[in-house]
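The block underneath contains the structure these notes are about, expressed in structure tokens.
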Amino acid sequence: MNVLARQFDRATIIAFACILVLLCIGALAEPSFLSPKYLLQQLHVASFLGVVATGVMLVILLGHIDLSIPWTIGVGGMMATGATGFLGPELGVTLAVPFGIFCGACIGLINGLGVAYLRAPAMIFTLGMNAVAQGLMVWHTGGFAPQDRATPLMRELAVGQLVTGIPNPLLIWAVLGIATMFLLNRTSLGRKIYAIGNQERAVFLSGVDTRRVLLFCFVFSGACAAATGTLLAGWANRSYQAMGDPYLLPTIAAIILGGTNVLGGRGKYVGTVAGVILITILQSMLSVVQPQRFFADLGLDLPADTFRQVVFGVVIIAMLLLYGRQQLVR
Amino acid sequence: MSASGTNTKAMEPGDTPTNRRWRPSASQRGIMIAVTIFAVMFAVYGWKQPMGLTANIVNTASNKGALLALVAMAQTLPVLTRGLDLSVGAVFVLTNCLASSIVVGGPVMTAFGIGGVLLVGLICGTVNGVIIVYGRLQPLIVTLAMGAVYFGISLAIRPQPGGSVNFELADFMTRSTLAIPHSTLLLLLVVVGIWIPYRRSTLGRAAYAVGSNEQAAYMSGVPIDRAKVLAYALSGLLAAIGGLLLTAVTYSGAAKMAIANDYTLNSIGAVVIGGTSLFGGMGSAIGSIFGAFVMRTVGDLLIVFDINPVLQPLFVGIVLLAAVCISSLRVFRIKNKLDLYR
């Protein structure tokens, strides 16, 4: 019992409470909001965000950040669908998913080498890698017309149900999540990750090659982002250039709202799960409730995207003010 | 990123008072490197350009460079305080959209419009600063979230690209007199009118102190909070000047996420190339101006060397990574391995 209670810190509880409040507001506006079908659909959508957030969370726990996720997602999706162009028509179909994830892991590897071994600031290095990945993908699509259709396996992974009633991405997220929780709480690597986030110097002095831990986390983050890319490509049945762009802010927001400290060293995976679900429901609510209709009645014709962006930003700031404030260390 | 980190770069072994020979400080060296890279790249550009460097070509290059230079200067101020502003691109786009709606009509109306645009930029920056300082939140996530808010507002102002701007003003801002582009003069004006007074003011120096070592600055009675808020506020103002210039260049406003992201990314690249340390406390907005010109000349070079312009992100990314890697080369000179770790 104690073990379970430790996983739920204050931020996690507030995040889960906010989910309930949002669901209640949603139910008032639209009664079908609480139907199991709708909720399952939300979890289905949330699992795409959940997979990418899992990887980025490890990087944030280290006290670094991975801003290369938008185009790593793009690389994952586009390389998986375009694998036939590299591996031949037969191998390309069978190995599409591993190939996509492998390419994402390679981006993570370069990020990791830069951050861990060259000690470059992660923020700027990963931002640069994002641009490089974007450039490479533009080059890839510009030179010849690559295959952008998802393979049947990718389609099955994204929309099929291995266990009746549970969509496959949710299953993937659950497995990945449990593995990550095990990694963080029960292995020495997990301990090292938290410790590095608190004081890398001390970890180094205790005889740990911290650079290898950093490298692992960045590779993991790249692989997770690429996995989301392959899932998204399967979901949309095709890959496209800017497929990862709407994922940067929600991913970081989900992790931070889940109580993970941006400076590293503190945060629970359960919190990230709560953050991911919260963000997904918030996004979905904004498209269900449609606040622009209310403003249209007032004579103000505002595009729907305005509300998505403004409410999103304001909610993140408000929730952070609620529980994400730093201690005044003086 | 932790506040307790020490800035080893600020102290160079040769900077003792007994050393009489003039040695450039680390930030002056950064500026000189940026100027050199820019001069070489621009010379190559002029040499490969079939028509040579006519006043027109210089003017176009200056307009493009000045747009990024203003945003890069805006980025420099928070970076100096060991922060970051990921919303500069969004403020830039927001003020562009606003300017395309209110900087119109007669001279009085236009003047009020300009004032309004600059005020909005200042307000955006101040909001960022106040949330970061008094809300005690991380600059990265605050500016990322506020960037979304500002972008949403610019979508509300201009759902479709369009609008107009006072033609005479726009023409004046983007023309050149005696082969001197007015946009370059605008940059000079901003440096003389905003940057140098800021750099010499108490709060400007306080910003450097905060970036270098916040705890020590606090102990010495430096007004940390005000210095930080002012840095973000001025950042918004500079981004707004950039937005105004963009309106003058394009004669319209457009709320496009791609523009905001592009300028934010490139501004950070320009700051790094300009020799400003991302760990705060060292650097200068003047370096960022040349960094911005370097970033923009990369694009121009692609065109004269007949490389597909859609590959620009690739080259910008590579330049960015190269700049970061070069400044990271010190890891190979460090003798005590412990210094590598925070």
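Order determines the names: the first chain of the structure tokens is A, the second B, and so forth; residues in each chain are numbered 1 upward, and ligands are numbered 1 upward as they are shown.
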
(request) Could you give me, as a list in words, the residues within 6 Å of B:Ala254, counting only C-alpha atoms and dropping anything in the same chain fewer than 2 positions from it? (result) Cys97, Pro161 and Lys256 of chain B

Resulting file, chosen residues, C-alpha atoms, as a short mmCIF file (atom, residue, chain, number, x, y, z; two decimals), in the first residue's frame:
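The resulting file, out03.cif, is reproduced below:
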data_model
loop_
_atom_site.label_atom_id
_atom_site.label_comp_id
_atom_site.auth_asym_id
_atom_site.auth_seq_id
_atom_site.Cartn_x
_atom_site.Cartn_y
_atom_site.Cartn_z
CA CYS B 97 -0.74 40.97 -37.53
CA PRO B 161 -3.30 36.54 -44.34
CA LYS B 256 1.50 31.44 -39.55
#

(request) Compute the set of chain A residues within 8 Å of chain B, using only C-alpha atoms, and express it as a PyMOL selection string. (result) chain A and resi 63+114+118-121+124-125+127-136+138-139+199-201+204-205+249+252-253+262-263+302-303+305-314+316-317+320-321+324-327+330

(message) I'd like the neighbourhood of A:Leu62 as a list in words, where a residue qualifies if any of its atoms comes within 7 Å (using only C-alpha atoms), though same-chain residues fewer than 3 positions away should be ignored.
(response)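 What passes the distance filter is Leu58, Val59, Ile193, Tyr194, Ile196, Gly197, Gly264 and Gly265 of chain A.
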
(message) Using only C-alpha atoms, can you tell me which of A:Ser284, A:Ala83, A:Phe294, A:Met123 comes closest to B:Asp85?
(response) A:Met123

(message) DSSP on the backbone, alpha helix (DSSP H) only: what residues of stretch 153-316 of chain A does that give? Format it as a VMD selection string.
(response) chain A and resid 153 to 159 168 to 186 188 to 198 200 to 205 210 to 236 248 to 257 269 to 289 291 to 297 304 to 316

(message) Quick one: residues within 6 Å of stretch 93-105 of chain A, only C-alpha atoms, excluding same-chain residues fewer than 6 positions away - as a PyMOL selection string?
(response) chain A and resi 72+76+79-80+83+219+222-223+226-227

Selection file, C-alpha atoms, as a PDB file, in the first residue's frame:
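Listing of again13.pdb after writing:
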ATOM      1  CA  THR A  72      11.585  12.906 -34.718  1.00  0.00           C
ATOM      2  CA  GLY A  76       9.503   7.895 -37.428  1.00  0.00           C
ATOM      3  CA  MET A  79      10.770   6.467 -42.526  1.00  0.00           C
ATOM      4  CA  ALA A  80       8.388   3.668 -41.555  1.00  0.00           C
ATOM      5  CA  ALA A  83      11.063   1.892 -45.625  1.00  0.00           C
ATOM      6  CA  VAL A 219      18.134   7.371 -27.511  1.00  0.00           C
ATOM      7  CA  GLY A 222      14.110   9.457 -29.886  1.00  0.00           C
ATOM      8  CA  ALA A 223      12.840   5.888 -30.176  1.00  0.00           C
ATOM      9  CA  ALA A 226       9.547   7.696 -33.606  1.00  0.00           C
ATOM     10  CA  ALA A 227       7.234   4.993 -32.260  1.00  0.00           C
TER      11      ALA A 227
END

(request) May I ask for the distance between atom CA of A:Gly259 and atom CA of A:Thr272, given in Å to one decimal place? (result) 7.5 Å

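The interatomic distance for the pair atom CA of B:Gly30 and atom CA of B:Ile273 works out to 7.7 Å.
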